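Printed here is entry08.cif (mmCIF, C-alpha atoms, pLDDT in the B column; chains and numbers go by the auth columns):
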```cif
data_run
#
loop_
_atom_site.group_PDB
_atom_site.id
_atom_site.type_symbol
_atom_site.label_atom_id
_atom_site.label_comp_id
_atom_site.label_asym_id
_atom_site.label_seq_id
_atom_site.Cartn_x
_atom_site.Cartn_y
_atom_site.Cartn_z
_atom_site.B_iso_or_equiv
_atom_site.auth_seq_id
_atom_site.auth_asym_id
ATOM 1 C CA MET A 1 9.393 15.379 -38.410 54.00 1 A
ATOM 2 C CA ASN A 2 12.989 15.780 -39.400 63.00 2 A
ATOM 3 C CA ILE A 3 15.116 12.732 -38.515 62.00 3 A
ATOM 4 C CA ARG A 4 17.921 14.983 -37.178 60.00 4 A
ATOM 5 C CA ILE A 5 15.589 16.509 -34.608 59.00 5 A
ATOM 6 C CA VAL A 6 14.470 13.065 -33.488 53.00 6 A
ATOM 7 C CA LEU A 7 18.083 11.899 -33.154 53.00 7 A
ATOM 8 C CA LEU A 8 18.918 14.986 -31.105 54.00 8 A
ATOM 9 C CA LEU A 9 15.932 14.572 -28.786 60.00 9 A
ATOM 10 C CA VAL A 10 16.305 10.841 -28.057 54.00 10 A
ATOM 11 C CA PRO A 11 19.462 11.156 -25.843 51.00 11 A
ATOM 12 C CA PHE A 12 17.883 14.084 -23.997 49.00 12 A
ATOM 13 C CA LEU A 13 14.718 12.133 -23.306 50.00 13 A
ATOM 14 C CA ILE A 14 16.610 9.043 -22.200 51.00 14 A
ATOM 15 C CA THR A 15 18.909 10.886 -19.777 48.00 15 A
ATOM 16 C CA GLY A 16 16.132 13.187 -18.613 49.00 16 A
ATOM 17 C CA CYS A 17 13.865 10.276 -17.719 46.00 17 A
ATOM 18 C CA SER A 18 16.566 8.425 -15.838 40.00 18 A
ATOM 19 C CA THR A 19 16.997 11.311 -13.410 38.00 19 A
ATOM 20 C CA VAL A 20 13.383 11.223 -12.267 41.00 20 A
ATOM 21 C CA SER A 21 13.933 8.937 -9.281 39.00 21 A
ATOM 22 C CA ASN A 22 10.437 9.232 -7.826 37.00 22 A
ATOM 23 C CA PHE A 23 8.671 8.516 -11.099 40.00 23 A
ATOM 24 C CA SER A 24 6.699 5.297 -11.328 41.00 24 A
ATOM 25 C CA TRP A 25 6.508 3.916 -14.880 44.00 25 A
ATOM 26 C CA SER A 26 3.465 1.879 -13.866 41.00 26 A
ATOM 27 C CA LYS A 27 1.490 5.139 -13.641 43.00 27 A
ATOM 28 C CA LEU A 28 1.703 5.371 -17.441 48.00 28 A
ATOM 29 C CA SER A 29 -0.179 2.106 -17.831 45.00 29 A
ATOM 30 C CA PRO A 30 -3.593 2.557 -19.501 47.00 30 A
ATOM 31 C CA THR A 31 -5.158 0.594 -16.623 42.00 31 A
ATOM 32 C CA ASN A 32 -4.244 3.494 -14.324 44.00 32 A
ATOM 33 C CA TRP A 33 -5.648 6.267 -16.523 46.00 33 A
ATOM 34 C CA PHE A 34 -9.181 5.933 -15.204 48.00 34 A
ATOM 35 C CA GLY A 35 -8.476 4.000 -12.024 48.00 35 A
ATOM 36 C CA SER A 36 -7.953 5.130 -8.488 49.00 36 A
ATOM 37 C CA SER A 37 -6.134 8.393 -7.938 74.00 37 A
ATOM 38 C CA LEU A 38 -5.558 7.517 -4.296 93.00 38 A
ATOM 39 C CA GLU A 39 -1.964 7.318 -3.128 97.00 39 A
ATOM 40 C CA LEU A 40 -0.713 5.808 0.120 97.00 40 A
ATOM 41 C CA ASN A 41 2.033 7.982 1.588 97.00 41 A
ATOM 42 C CA ASN A 42 3.454 9.158 4.905 96.00 42 A
ATOM 43 C CA ALA A 43 0.439 11.445 5.540 96.00 43 A
ATOM 44 C CA GLY A 44 -2.187 8.758 4.883 97.00 44 A
ATOM 45 C CA LEU A 45 -4.361 7.686 1.956 97.00 45 A
ATOM 46 C CA GLY A 46 -5.272 10.504 -0.418 95.00 46 A
ATOM 47 C CA ALA A 47 -7.071 13.125 1.699 95.00 47 A
ATOM 48 C CA ILE A 48 -7.555 10.693 4.611 97.00 48 A
ATOM 49 C CA SER A 49 -5.103 11.263 7.462 96.00 49 A
ATOM 50 C CA SER A 50 -4.897 11.123 11.248 96.00 50 A
ATOM 51 C CA VAL A 51 -7.193 14.170 11.522 96.00 51 A
ATOM 52 C CA THR A 52 -9.980 12.622 9.429 96.00 52 A
ATOM 53 C CA PRO A 53 -13.072 11.812 11.537 95.00 53 A
ATOM 54 C CA MET A 54 -14.146 8.172 11.655 94.00 54 A
ATOM 55 C CA GLU A 55 -17.485 9.067 10.099 94.00 55 A
ATOM 56 C CA GLU A 56 -19.075 7.583 6.999 95.00 56 A
ATOM 57 C CA LYS A 57 -19.736 10.982 5.412 95.00 57 A
ATOM 58 C CA ALA A 58 -16.121 12.197 5.827 96.00 58 A
ATOM 59 C CA LEU A 59 -14.612 8.930 4.550 96.00 59 A
ATOM 60 C CA ASN A 60 -17.043 8.656 1.632 95.00 60 A
ATOM 61 C CA GLN A 61 -16.287 12.235 0.567 95.00 61 A
ATOM 62 C CA ALA A 62 -12.509 11.646 0.709 95.00 62 A
ATOM 63 C CA LEU A 63 -12.944 8.452 -1.345 96.00 63 A
ATOM 64 C CA ASP A 64 -15.110 10.264 -3.953 93.00 64 A
ATOM 65 C CA GLY A 65 -17.840 7.668 -3.423 91.00 65 A
ATOM 66 C CA ASP A 66 -15.723 5.035 -5.237 93.00 66 A
ATOM 67 C CA TYR A 67 -16.419 2.411 -2.570 96.00 67 A
ATOM 68 C CA ARG A 68 -19.421 1.227 -0.560 96.00 68 A
ATOM 69 C CA LEU A 69 -18.702 1.713 3.158 97.00 69 A
ATOM 70 C CA ARG A 70 -19.690 -0.774 5.859 96.00 70 A
ATOM 71 C CA LYS A 71 -19.278 -0.002 9.574 94.00 71 A
ATOM 72 C CA GLY A 72 -18.150 -2.570 12.129 91.00 72 A
ATOM 73 C CA MET A 73 -17.050 -2.873 15.739 86.00 73 A
ATOM 74 C CA GLY A 74 -14.269 -4.993 17.186 81.00 74 A
ATOM 75 C CA MET A 75 -12.041 -5.528 20.199 77.00 75 A
ATOM 76 C CA SER A 76 -8.390 -4.525 20.440 71.00 76 A
ATOM 77 C CA ASN A 77 -6.392 -4.882 23.662 70.00 77 A
ATOM 78 C CA GLY A 78 -9.629 -5.188 25.656 77.00 78 A
ATOM 79 C CA GLN A 79 -11.140 -1.999 24.202 76.00 79 A
ATOM 80 C CA VAL A 80 -14.029 -1.650 21.776 77.00 80 A
ATOM 81 C CA THR A 81 -12.873 -0.168 18.479 80.00 81 A
ATOM 82 C CA SER A 82 -14.751 0.923 15.386 84.00 82 A
ATOM 83 C CA TYR A 83 -13.799 0.398 11.773 94.00 83 A
ATOM 84 C CA TYR A 84 -15.121 0.993 8.279 97.00 84 A
ATOM 85 C CA GLU A 85 -14.620 -1.412 5.416 97.00 85 A
ATOM 86 C CA ALA A 86 -14.539 0.077 1.914 97.00 86 A
ATOM 87 C CA MET A 87 -16.089 -2.456 -0.433 96.00 87 A
ATOM 88 C CA ASN A 88 -15.943 -2.932 -4.193 94.00 88 A
ATOM 89 C CA ASP A 89 -18.721 -5.377 -5.096 90.00 89 A
ATOM 90 C CA ASP A 90 -18.353 -7.916 -2.264 91.00 90 A
ATOM 91 C CA LYS A 91 -14.588 -7.488 -1.842 96.00 91 A
ATOM 92 C CA VAL A 92 -13.026 -5.563 1.043 97.00 92 A
ATOM 93 C CA MET A 93 -10.521 -3.158 -0.522 98.00 93 A
ATOM 94 C CA LEU A 94 -9.729 -0.862 2.418 98.00 94 A
ATOM 95 C CA VAL A 95 -10.232 -0.931 6.182 97.00 95 A
ATOM 96 C CA PHE A 96 -10.149 2.208 8.343 97.00 96 A
ATOM 97 C CA HIS A 97 -9.602 1.792 12.098 94.00 97 A
ATOM 98 C CA GLY A 98 -10.355 4.566 14.579 91.00 98 A
ATOM 99 C CA ASN A 99 -8.730 5.699 17.796 85.00 99 A
ATOM 100 C CA PRO A 100 -10.468 6.731 21.066 82.00 100 A
ATOM 101 C CA SER A 101 -10.645 10.327 19.735 87.00 101 A
ATOM 102 C CA ASN A 102 -12.771 9.065 16.796 90.00 102 A
ATOM 103 C CA ARG A 103 -10.065 9.836 14.212 94.00 103 A
ATOM 104 C CA VAL A 104 -8.460 7.540 11.640 95.00 104 A
ATOM 105 C CA GLU A 105 -5.543 5.710 13.250 95.00 105 A
ATOM 106 C CA ARG A 106 -4.843 2.813 10.870 96.00 106 A
ATOM 107 C CA ILE A 107 -5.554 2.140 7.198 98.00 107 A
ATOM 108 C CA GLU A 108 -5.287 -1.301 5.586 98.00 108 A
ATOM 109 C CA VAL A 109 -5.014 -1.301 1.781 98.00 109 A
ATOM 110 C CA MET A 110 -5.872 -4.401 -0.258 98.00 110 A
ATOM 111 C CA ASP A 111 -6.823 -2.514 -3.458 97.00 111 A
ATOM 112 C CA LYS A 112 -4.218 -3.282 -6.156 96.00 112 A
ATOM 113 C CA SER A 113 -4.838 0.053 -7.910 95.00 113 A
ATOM 114 C CA ILE A 114 -3.525 2.085 -4.942 97.00 114 A
ATOM 115 C CA GLU A 115 0.217 2.771 -4.961 97.00 115 A
ATOM 116 C CA THR A 116 2.808 4.555 -2.883 97.00 116 A
ATOM 117 C CA PRO A 117 4.714 7.513 -4.425 96.00 117 A
ATOM 118 C CA LYS A 118 7.397 5.098 -5.707 94.00 118 A
ATOM 119 C CA GLY A 119 4.884 2.636 -7.155 96.00 119 A
ATOM 120 C CA SER A 120 4.691 -0.062 -4.466 97.00 120 A
ATOM 121 C CA HIS A 121 1.331 -1.853 -4.565 98.00 121 A
ATOM 122 C CA VAL A 122 -0.505 -5.011 -3.531 98.00 122 A
ATOM 123 C CA GLY A 123 0.820 -7.912 -5.603 98.00 123 A
ATOM 124 C CA MET A 124 4.394 -6.565 -5.844 98.00 124 A
ATOM 125 C CA PRO A 125 7.063 -9.220 -5.128 98.00 125 A
ATOM 126 C CA PHE A 126 9.404 -8.980 -2.138 98.00 126 A
ATOM 127 C CA SER A 127 12.437 -9.020 -4.464 97.00 127 A
ATOM 128 C CA ASP A 128 11.338 -5.732 -6.097 97.00 128 A
ATOM 129 C CA LEU A 129 11.720 -3.937 -2.753 96.00 129 A
ATOM 130 C CA TYR A 130 14.241 -5.825 -0.622 97.00 130 A
ATOM 131 C CA GLN A 131 17.363 -7.939 -0.960 95.00 131 A
ATOM 132 C CA LYS A 132 17.198 -9.309 2.601 96.00 132 A
ATOM 133 C CA ALA A 133 14.615 -9.427 5.374 96.00 133 A
ATOM 134 C CA PHE A 134 17.188 -8.863 8.124 95.00 134 A
ATOM 135 C CA ASP A 135 16.607 -5.669 10.130 94.00 135 A
ATOM 136 C CA VAL A 136 13.528 -4.560 8.107 96.00 136 A
ATOM 137 C CA CYS A 137 11.074 -7.460 8.461 97.00 137 A
ATOM 138 C CA ARG A 138 9.465 -9.474 11.241 97.00 138 A
ATOM 139 C CA VAL A 139 7.212 -12.500 11.478 97.00 139 A
ATOM 140 C CA GLY A 140 3.512 -11.692 11.758 95.00 140 A
ATOM 141 C CA THR A 141 1.471 -12.625 14.834 93.00 141 A
ATOM 142 C CA GLY A 142 -2.249 -12.823 15.595 89.00 142 A
ATOM 143 C CA ASP A 143 -4.281 -12.029 12.474 87.00 143 A
ATOM 144 C CA GLU A 144 -1.018 -11.749 10.510 93.00 144 A
ATOM 145 C CA SER A 145 0.312 -15.173 11.593 93.00 145 A
ATOM 146 C CA GLY A 146 2.095 -16.969 8.759 94.00 146 A
ATOM 147 C CA LYS A 147 2.902 -13.673 7.044 96.00 147 A
ATOM 148 C CA VAL A 148 5.937 -11.395 7.062 97.00 148 A
ATOM 149 C CA LEU A 149 5.699 -7.667 7.872 98.00 149 A
ATOM 150 C CA CYS A 150 8.341 -5.300 6.467 98.00 150 A
ATOM 151 C CA ARG A 151 8.913 -1.587 7.019 97.00 151 A
ATOM 152 C CA SER A 152 8.472 0.429 3.861 96.00 152 A
ATOM 153 C CA PRO A 153 11.670 2.049 2.554 94.00 153 A
ATOM 154 C CA GLU A 154 9.510 5.119 1.770 93.00 154 A
ATOM 155 C CA SER A 155 7.837 5.793 5.121 94.00 155 A
ATOM 156 C CA THR A 156 8.129 4.705 8.750 93.00 156 A
ATOM 157 C CA ARG A 157 4.308 4.778 8.924 97.00 157 A
ATOM 158 C CA ILE A 158 3.796 2.197 6.166 98.00 158 A
ATOM 159 C CA THR A 159 4.254 -1.556 6.583 98.00 159 A
ATOM 160 C CA TYR A 160 3.989 -4.150 3.819 98.00 160 A
ATOM 161 C CA VAL A 161 2.403 -7.488 4.682 98.00 161 A
ATOM 162 C CA PHE A 162 3.863 -10.254 2.514 98.00 162 A
ATOM 163 C CA SER A 163 2.198 -13.616 1.898 97.00 163 A
ATOM 164 C CA GLY A 164 3.422 -16.718 0.147 96.00 164 A
ATOM 165 C CA GLU A 165 4.077 -20.429 0.370 94.00 165 A
ATOM 166 C CA TRP A 166 6.043 -21.632 3.383 91.00 166 A
ATOM 167 C CA MET A 167 6.105 -25.112 4.860 91.00 167 A
ATOM 168 C CA GLY A 168 7.918 -24.121 8.048 89.00 168 A
ATOM 169 C CA PRO A 169 6.480 -23.006 11.397 91.00 169 A
ATOM 170 C CA SER A 170 4.545 -19.711 11.312 88.00 170 A
ATOM 171 C CA GLU A 171 6.766 -18.195 14.020 91.00 171 A
ATOM 172 C CA ILE A 172 9.957 -18.620 11.950 93.00 172 A
ATOM 173 C CA MET A 173 10.983 -16.226 9.187 95.00 173 A
ATOM 174 C CA PRO A 174 11.306 -17.899 5.775 95.00 174 A
ATOM 175 C CA SER A 175 14.703 -17.602 4.079 95.00 175 A
ATOM 176 C CA ASP A 176 15.393 -14.648 1.781 96.00 176 A
ATOM 177 C CA ASP A 177 15.388 -17.084 -1.126 95.00 177 A
ATOM 178 C CA LYS A 178 11.798 -18.138 -0.286 95.00 178 A
ATOM 179 C CA LEU A 179 10.680 -14.575 0.490 97.00 179 A
ATOM 180 C CA LYS A 180 11.790 -13.173 -2.878 96.00 180 A
ATOM 181 C CA VAL A 181 8.666 -14.617 -4.566 97.00 181 A
ATOM 182 C CA TRP A 182 6.255 -13.638 -1.785 98.00 182 A
ATOM 183 C CA THR A 183 4.019 -10.707 -2.684 98.00 183 A
ATOM 184 C CA ILE A 184 2.433 -7.795 -0.844 98.00 184 A
ATOM 185 C CA SER A 185 -1.047 -8.881 0.260 98.00 185 A
ATOM 186 C CA LYS A 186 -1.739 -5.716 2.239 98.00 186 A
ATOM 187 C CA MET A 187 -0.205 -2.283 2.851 98.00 187 A
ATOM 188 C CA VAL A 188 -0.801 -0.831 6.329 98.00 188 A
ATOM 189 C CA TRP A 189 -0.531 2.830 7.349 98.00 189 A
ATOM 190 C CA GLN A 190 -0.360 3.774 11.052 97.00 190 A
ATOM 191 C CA SER A 191 -0.814 7.335 12.302 94.00 191 A
ATOM 192 C CA LYS A 192 2.107 6.834 14.744 87.00 192 A
#
```

Kindly transcribe the structure held in the file into structure tokens.
Amino acid sequence: MNIRIVLLLVPFLITGCSTVSNFSWSKLSPTNWFGSSLELNNAGLGAISSVTPMEEKALNQALDGDYRLRKGMGMSNGQVTSYYEAMNDDKVMLVFHGNPSNRVERIEVMDKSIETPKGSHVGMPFSDLYQKAFDVCRVGTGDESGKVLCRSPESTRITYVFSGEWMGPSEIMPSDDKLKVWTISKMVWQSK
């Protein structure tokens, strides 16, 4: 190829790429070429949304059979609830919680290969998403005790659960300086 053409194209490519604000460079990684094509966004996870039935067949079809599903029952606010865990080997990668209408109401994502449209994923440090916890994060309670929950800048339906080292009481928010090295341990989508 002629060197002049290359020199003319380089500035175009550089400026053209910088204007693509929703592009995630991590999607170019060879580890993502054959991995999960699921994306967590405002509507849900891939084809799974608030209208998806809490049925093994419907969930398995939407997940392309990439996970082994396991059904469970639990209690929430005094009511019996159902859930499905999506397993990879013996590891829980996703959890789907249902509502009284037997539709998907909540999705918990622990699979590192699943990203949001802007590339947020499990394992991403706090400092890549936030400068300060004030007004966007809260201290976790119950099952999330000792963790910090932050609203996603991409969607009001997505919450990031951050985990890390903290020697203080679980009901007190760690300082921003401590939080910057905490990482996303779970991404949670709520239908409302």

Problem - Output of the PyMOL selection byres ((chain A and resi 45) around 12), listed as a PyMOL selection string - result: chain A and resi 36-44+46-52+59+62-63+94-96+104-109+111+114-117+157-158+187-191

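Within 12 Å of region 74-78 of chain A there are Lys71, Thr81, Ser82, Tyr83, Tyr84, His97, Gly98, Asn99, Pro100, Gly142 and Asp143 of chain A, counting only C-alpha atoms and ignoring same-chain residues fewer than 3 positions away.
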
Exercise for the section: Point out the residue among A:Met93, A:Ser152, A:Cys137, A:Ser101 with the least atom-to-atom distance to Lys118 (chain A), counting only C-alpha atoms. Expected result: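 Once distances to Lys118 (chain A) are computed over only C-alpha atoms, the minimum belongs to A:Ser152.
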
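In this structure, CA of Ser155 (chain A) sits 25.7 Å away from CA of Asp66 (chain A).
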
Handout entry: Within 7 Å of Cys150 (chain A) using all atoms listed in the file, minus same-chain residues under 4 positions, as a PyMOL selection string
Key = chain A and resi 136-138+159-161

Filtering to C-alpha atoms, could you give me those residues as an mmCIF file, keeping the file's coordinate frame?
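Final output, saved to out10.cif:
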```cif
data_model
loop_
_atom_site.group_PDB
_atom_site.id
_atom_site.type_symbol
_atom_site.label_atom_id
_atom_site.label_comp_id
_atom_site.auth_asym_id
_atom_site.auth_seq_id
_atom_site.Cartn_x
_atom_site.Cartn_y
_atom_site.Cartn_z
ATOM 1 C CA VAL A 136 13.528 -4.560 8.107
ATOM 2 C CA CYS A 137 11.074 -7.460 8.461
ATOM 3 C CA ARG A 138 9.465 -9.474 11.241
ATOM 4 C CA THR A 159 4.254 -1.556 6.583
ATOM 5 C CA TYR A 160 3.989 -4.150 3.819
ATOM 6 C CA VAL A 161 2.403 -7.488 4.682
#
```

Handout entry: One-decimal distance in Å that lies between CA of Glu154 (chain A) and CA of Glu171 (chain A)
Key = 26.5 Å

Practice task
Go through A:Thr156, A:Leu129, A:Trp166, A:Asp176 and flag the residue nearest Lys192 (chain A), using all atoms listed in the file for the distances.
Solution key: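 Ranked by minimum distance to Lys192 (chain A), first place goes to A:Thr156.
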
Practice task
Tell me, in Å to one decimal, how far CA of Lys147 (chain A) is from CA of Ile172 (chain A).
Solution key: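 Distance between the two atoms: 9.9 Å.
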
Practice task
Give as JSON, numbers by chain the residues that the PyMOL selection byres ((chain A and resi 170) around 10) matches when applied to the coordinates above.
Solution key: {"A": [139, 140, 141, 144, 145, 146, 147, 148, 166, 167, 168, 169, 171, 172, 173, 174]}

Handout entry: Selection near Trp182 (chain A), 6 Å with all atoms listed in the file, sequence-local residues under 5 positions removed, as a VMD selection string
Key = chain A and resid 125 to 126 162 to 164

Problem - Residues matched by the PyMOL selection byres ((chain A and resi 180) around 9), written as a ChimeraX atom specification - result: /A:125-128,130-132,175-179,181-183

Around region 142-152 of chain A, with edges along x, y and z and 3 Å added on all six sides, what centre and edge lengths do you get, in Å to one decimal, as lines of an AutoDock Vina configuration file?
```
center_x = 2.3
center_y = -8.3
center_z = 9.7
size_x = 19.2
size_y = 23.4
size_z = 17.7
```

Would you fill the gaps in region 146-165 of chain A so it has N, CA and C atoms, then print it as a short mmCIF file (atom, residue, chain, number, x, y, z; two decimals), keeping the file's coordinate frame?
```cif
data_model
loop_
_atom_site.label_atom_id
_atom_site.label_comp_id
_atom_site.auth_asym_id
_atom_site.auth_seq_id
_atom_site.Cartn_x
_atom_site.Cartn_y
_atom_site.Cartn_z
N GLY A 146 1.76 -16.32 10.02
CA GLY A 146 2.10 -16.97 8.76
C GLY A 146 2.49 -15.99 7.67
N LYS A 147 2.52 -14.71 8.00
CA LYS A 147 2.90 -13.67 7.04
C LYS A 147 4.16 -12.97 7.55
N VAL A 148 4.74 -12.15 6.69
CA VAL A 148 5.94 -11.40 7.06
C VAL A 148 5.64 -9.92 6.88
N LEU A 149 5.95 -9.11 7.90
CA LEU A 149 5.70 -7.67 7.87
C LEU A 149 7.02 -6.93 7.72
N CYS A 150 7.11 -6.03 6.74
CA CYS A 150 8.34 -5.30 6.47
C CYS A 150 8.08 -3.80 6.45
N ARG A 151 8.99 -3.05 7.06
CA ARG A 151 8.91 -1.59 7.02
C ARG A 151 9.12 -1.10 5.59
N SER A 152 8.31 -0.15 5.19
CA SER A 152 8.47 0.43 3.86
C SER A 152 9.74 1.26 3.81
N PRO A 153 10.49 1.19 2.69
CA PRO A 153 11.67 2.05 2.55
C PRO A 153 11.27 3.51 2.34
N GLU A 154 9.99 3.76 2.04
CA GLU A 154 9.51 5.12 1.77
C GLU A 154 9.03 5.86 3.01
N SER A 155 8.46 5.14 3.98
CA SER A 155 7.84 5.79 5.12
C SER A 155 7.86 4.89 6.35
N THR A 156 8.15 5.47 7.51
CA THR A 156 8.13 4.70 8.75
C THR A 156 6.70 4.38 9.17
N ARG A 157 5.71 5.03 8.58
CA ARG A 157 4.31 4.78 8.92
C ARG A 157 3.67 3.68 8.08
N ILE A 158 4.36 3.21 7.06
CA ILE A 158 3.80 2.20 6.17
C ILE A 158 4.52 0.87 6.36
N THR A 159 3.74 -0.19 6.47
CA THR A 159 4.25 -1.56 6.58
C THR A 159 3.65 -2.38 5.45
N TYR A 160 4.47 -3.22 4.84
CA TYR A 160 3.99 -4.15 3.82
C TYR A 160 3.81 -5.52 4.46
N VAL A 161 2.68 -6.14 4.20
CA VAL A 161 2.40 -7.49 4.68
C VAL A 161 2.59 -8.43 3.50
N PHE A 162 3.56 -9.32 3.59
CA PHE A 162 3.86 -10.25 2.51
C PHE A 162 3.28 -11.63 2.82
N SER A 163 2.74 -12.27 1.79
CA SER A 163 2.20 -13.62 1.90
C SER A 163 2.81 -14.49 0.82
N GLY A 164 2.89 -15.78 1.12
CA GLY A 164 3.42 -16.72 0.15
C GLY A 164 3.46 -18.12 0.71
N GLU A 165 4.00 -19.04 -0.06
CA GLU A 165 4.08 -20.43 0.37
C GLU A 165 5.27 -20.63 1.30
#
```
